[in-house]
Amino acid sequence: MTGTRNPGGIPLKLAAVALAGSMVVGTAACSSENKGPQVTATATSRPNSSESGTGAPEGSTTTPTTEASPATSPAGSSATDAPSGSPTAGPDPAPTALSWKTYTDAAKSLSFELPKDWIAQSAEPAAGSLAGAVKVEVKDGAGKYIATLQTGLPPSAPAACPAGQGKPYVVISSTPVDVPHSDGPDTIDPRMVFRVIQGYRFFGSYGITNMVAGVDGQACELVNRVQGPAGKGDFSFGDVLALHAFAAEEKVAPVKSFDTLDLAAKYVAHDSEFANVQRMLLSLKVNP
C-alpha cells in the first residue's frame with residue numbers, strides 16, 4: 001500500500017537516527033479428558049537477538065532458549081520437566097526468563113508459552129463475543145498485569161480519524177507472527193509490534209495485529225487486533241486493544257509512557273520484560 005500501511009517496524013539502528021529529532025516519524029509502509037487449562041514446561045527456542053540493538057533486518061525472527069527446571073503447577077493444570085540448556089545470546093542481548101511453560105485452554109483451541117513464574121488466568125469473554133470465545137489474562141510472578149488474550153471478538157470497524165486529528169507514531173519493533181487471519185483492503189500480514197504514538201509524552205504498546213496502522217505516519221489509534229478467519233471473529237493478544245495519545249487527565253497504565261523515543265527504543269532493546277513478552281506473543285498458536 002502506498003503510505004497507508006505500516007506493516008513492519010524499523011531496525012533499531014535506524015530508529016536511533018529517528019530519535020534524534022523531537023517529532024515521531026512513521027515507517028515507510030505502513031488427550032486426556034482434562035477439564036481445565038493445561039500448563040506444561042517447555043524448553044524450545046533461544047534468546048531473541050533481533051531486539052538487542054544490533055539492527056537485525058525487519059521481519060527476522062529468532063527463537064529463545066530456555067533452561068527448564070521442575071516446578072509445581074497450579075491446581076487443575078499439568079506440568080512436565082523439560083531438558084535444560086544454556087542460553088545462546090547475540091551481541092548485548094536482552095535477557096529472557098530461563099524457565100518456561102505452555103498454557104493451553106480447556107477446549108485446546110489455543111496455546112502459548114510464558115515464563116514459569118507468570119500466571120495465566122481464564123476470564124469472562126468480552127460482551128458480544130462469539131460462542132467458544134476465550135479470554136486469558138497474564139500477570140508476572142509479582143502479580144503485575146502483562147497482557148490479555150481474547151478470541152471470538154465481534155468484527156469492528158476502525159475508529160474514525162478526521163483530518164488533522166491524527167498523531168505522529170513510529171513502529172519500533174515488528175516481527176511476523178504465524179496465526180490464522182483473513183485478508184482485506186485494510187490488512188497486513190500479522191505482526192507482533194511495539195509502537196509508540198506521540199502526545200504530551202510518548203505512549204507505547206505491544207500486541208499482535210494485521211490491521212493497517214495509519215496514513216502518512218499519522219493515526220488516531222493503533223489497533224492490537226487480528227482480523228480472524230470468516231465466522232471465527234477477531235482476536236487480540238497484547239497489553240491493550242488499541243493505543244492512542246492520552247490526555248493528561250487519563251489513566252495511562254497498562255500502556256507504557258516514555259519521556260523520549262530513545263527510552264522507548266531502549267525498553268525494546270534491553271528490557272527483560274519486553275523480551276519475555278515478545279517470546280510469549282510470538283508463541284501463540286490458534287486453531288483455525
# chains A, B, ... in the order shown; residues from 1 in each chain; ligands from 1
>>> residues_around(residues="region 146-158 of chain A", least_positions_apart="4", cutoff="7 Å", atoms="only C-alpha atoms", output="ChimeraX atom specification")
/A:128-130,133-140,232-239
>>> write_last_selection(atoms="C-alpha atoms", output="PDB file, in the first residue's frame")
ATOM      1  CA  GLY A 128     -20.779  -9.745  22.424  1.00  0.00           C
ATOM      2  CA  SER A 129     -18.048 -12.319  21.885  1.00  0.00           C
ATOM      3  CA  LEU A 130     -18.820 -15.274  19.637  1.00  0.00           C
ATOM      4  CA  ALA A 133     -14.596 -17.275  22.776  1.00  0.00           C
ATOM      5  CA  VAL A 134     -11.640 -17.395  25.165  1.00  0.00           C
ATOM      6  CA  LYS A 135     -10.187 -14.670  27.379  1.00  0.00           C
ATOM      7  CA  VAL A 136      -6.947 -15.164  29.300  1.00  0.00           C
ATOM      8  CA  GLU A 137      -5.216 -12.576  31.457  1.00  0.00           C
ATOM      9  CA  VAL A 138      -1.471 -12.854  32.048  1.00  0.00           C
ATOM     10  CA  LYS A 139       0.387 -11.431  35.051  1.00  0.00           C
ATOM     11  CA  ASP A 140       4.006 -11.733  36.086  1.00  0.00           C
ATOM     12  CA  LYS A 232     -14.366 -17.042  13.775  1.00  0.00           C
ATOM     13  CA  GLY A 233     -14.281 -13.439  14.956  1.00  0.00           C
ATOM     14  CA  ASP A 234     -11.219 -11.327  15.618  1.00  0.00           C
ATOM     15  CA  PHE A 235      -8.615 -11.962  18.287  1.00  0.00           C
ATOM     16  CA  SER A 236      -6.128  -9.913  20.246  1.00  0.00           C
ATOM     17  CA  PHE A 237      -3.035 -10.582  22.370  1.00  0.00           C
ATOM     18  CA  GLY A 238      -1.368  -7.547  23.916  1.00  0.00           C
ATOM     19  CA  ASP A 239      -1.499  -5.031  26.718  1.00  0.00           C
TER      20      ASP A 239
END
>>> closest_residue(among="A:Gly207, A:Pro288, A:Gly231, A:Pro254", to="Ala131 (chain A)", atoms="only C-alpha atoms")
A:Gly231
>>> atom_distance(atom1="CA of Thr260 (chain A)", atom2="CA of Val170 (chain A)")
12.4 Å
>>> residues_around(residues="Phe202 (chain A)", least_positions_apart="3", cutoff="8 Å", atoms="only C-alpha atoms", output="MDAnalysis selection string")
chainID A and resid 196:199 245 257:261 264
>>> write_last_selection(atoms="C-alpha atoms", output="PDB file, in the first residue's frame")
ATOM      1  CA  VAL A 196       4.755   4.499  20.020  1.00  0.00           C
ATOM      2  CA  ILE A 197       2.366   7.402  19.452  1.00  0.00           C
ATOM      3  CA  GLN A 198       3.194  10.991  20.373  1.00  0.00           C
ATOM      4  CA  GLY A 199       1.076  13.056  22.732  1.00  0.00           C
ATOM      5  CA  ALA A 245      -2.304   9.543  22.534  1.00  0.00           C
ATOM      6  CA  SER A 257       4.848   6.005  28.885  1.00  0.00           C
ATOM      7  CA  PHE A 258       8.230   7.486  27.991  1.00  0.00           C
ATOM      8  CA  ASP A 259       9.807  10.934  28.145  1.00  0.00           C
ATOM      9  CA  THR A 260      11.670  10.337  24.891  1.00  0.00           C
ATOM     10  CA  LEU A 261      11.648   7.957  21.935  1.00  0.00           C
ATOM     11  CA  ALA A 264      11.111   3.624  24.268  1.00  0.00           C
TER      12      ALA A 264
END
>>> residues_around(residues="Asp117 (chain A)", least_positions_apart="3", cutoff="9 Å", atoms="only C-alpha atoms", output="list in words")
Ala71, Ser99, Trp100, Lys101, Leu114, Asp140, Gly141 and Ala142 of chain A
>>> write_last_selection(atoms="N, CA, C and O atoms", output="PDB file, in the first residue's frame")
ATOM      1  N   ALA A  71       8.869 -27.494  38.533  1.00  0.00           N
ATOM      2  CA  ALA A  71       8.054 -26.500  39.224  1.00  0.00           C
ATOM      3  C   ALA A  71       6.717 -27.111  39.550  1.00  0.00           C
ATOM      4  O   ALA A  71       6.286 -28.070  38.924  1.00  0.00           O
ATOM      5  N   SER A  99      13.120 -20.390  32.512  1.00  0.00           N
ATOM      6  CA  SER A  99      12.171 -21.494  32.607  1.00  0.00           C
ATOM      7  C   SER A  99      10.819 -21.067  32.071  1.00  0.00           C
ATOM      8  O   SER A  99      10.299 -20.019  32.451  1.00  0.00           O
ATOM      9  N   TRP A 100      10.272 -21.896  31.197  1.00  0.00           N
ATOM     10  CA  TRP A 100       9.010 -21.562  30.529  1.00  0.00           C
ATOM     11  C   TRP A 100       8.009 -22.709  30.651  1.00  0.00           C
ATOM     12  O   TRP A 100       8.392 -23.850  30.907  1.00  0.00           O
ATOM     13  N   LYS A 101       6.748 -22.391  30.461  1.00  0.00           N
ATOM     14  CA  LYS A 101       5.678 -23.385  30.444  1.00  0.00           C
ATOM     15  C   LYS A 101       4.725 -23.032  29.305  1.00  0.00           C
ATOM     16  O   LYS A 101       4.822 -21.942  28.715  1.00  0.00           O
ATOM     17  N   LEU A 114       4.812 -19.029  28.274  1.00  0.00           N
ATOM     18  CA  LEU A 114       5.025 -17.908  29.193  1.00  0.00           C
ATOM     19  C   LEU A 114       6.046 -18.327  30.236  1.00  0.00           C
ATOM     20  O   LEU A 114       6.234 -19.520  30.491  1.00  0.00           O
ATOM     21  N   ASP A 140       2.685 -11.202  35.765  1.00  0.00           N
ATOM     22  CA  ASP A 140       4.006 -11.733  36.086  1.00  0.00           C
ATOM     23  C   ASP A 140       3.995 -12.341  37.485  1.00  0.00           C
ATOM     24  O   ASP A 140       2.954 -12.368  38.166  1.00  0.00           O
ATOM     25  N   GLY A 141       5.145 -12.825  37.925  1.00  0.00           N
ATOM     26  CA  GLY A 141       5.214 -13.513  39.207  1.00  0.00           C
ATOM     27  C   GLY A 141       4.869 -12.641  40.393  1.00  0.00           C
ATOM     28  O   GLY A 141       4.495 -13.147  41.456  1.00  0.00           O
ATOM     29  N   ALA A 142       4.975 -11.320  40.224  1.00  0.00           N
ATOM     30  CA  ALA A 142       4.645 -10.396  41.304  1.00  0.00           C
ATOM     31  C   ALA A 142       3.196  -9.915  41.227  1.00  0.00           C
ATOM     32  O   ALA A 142       2.779  -9.079  42.026  1.00  0.00           O
TER      33      ALA A 142
END
>>> atom_distance(atom1="CA of Pro162 (chain A)", atom2="CA of Met211 (chain A)")
18.2 Å
>>> select_by_dssp(residues="region 205-240 of chain A", states="strand (DSSP E or B)", output="VMD selection string")
chain A and resid 205 to 211 215 218 to 219 222 to 223 226 234 to 238
>>> closest_residue(among="A:Gly228, A:Lys285, A:Ala247, A:Leu98", to="Ser272 (chain A)", atoms="only C-alpha atoms")
A:Leu98
>>> closest_residue(among="A:Asn276, A:Gln227, A:Thr175, A:Thr104", to="Gln121 (chain A)", atoms="only C-alpha atoms")
A:Thr104
>>> atom_distance(atom1="CA of Thr187 (chain A)", atom2="CA of Val212 (chain A)")
5.4 Å
>>> closest_residue(among="A:Phe194, A:Phe112, A:Phe246, A:Tyr200", to="Val223 (chain A)", atoms="only C-alpha atoms")
A:Phe194
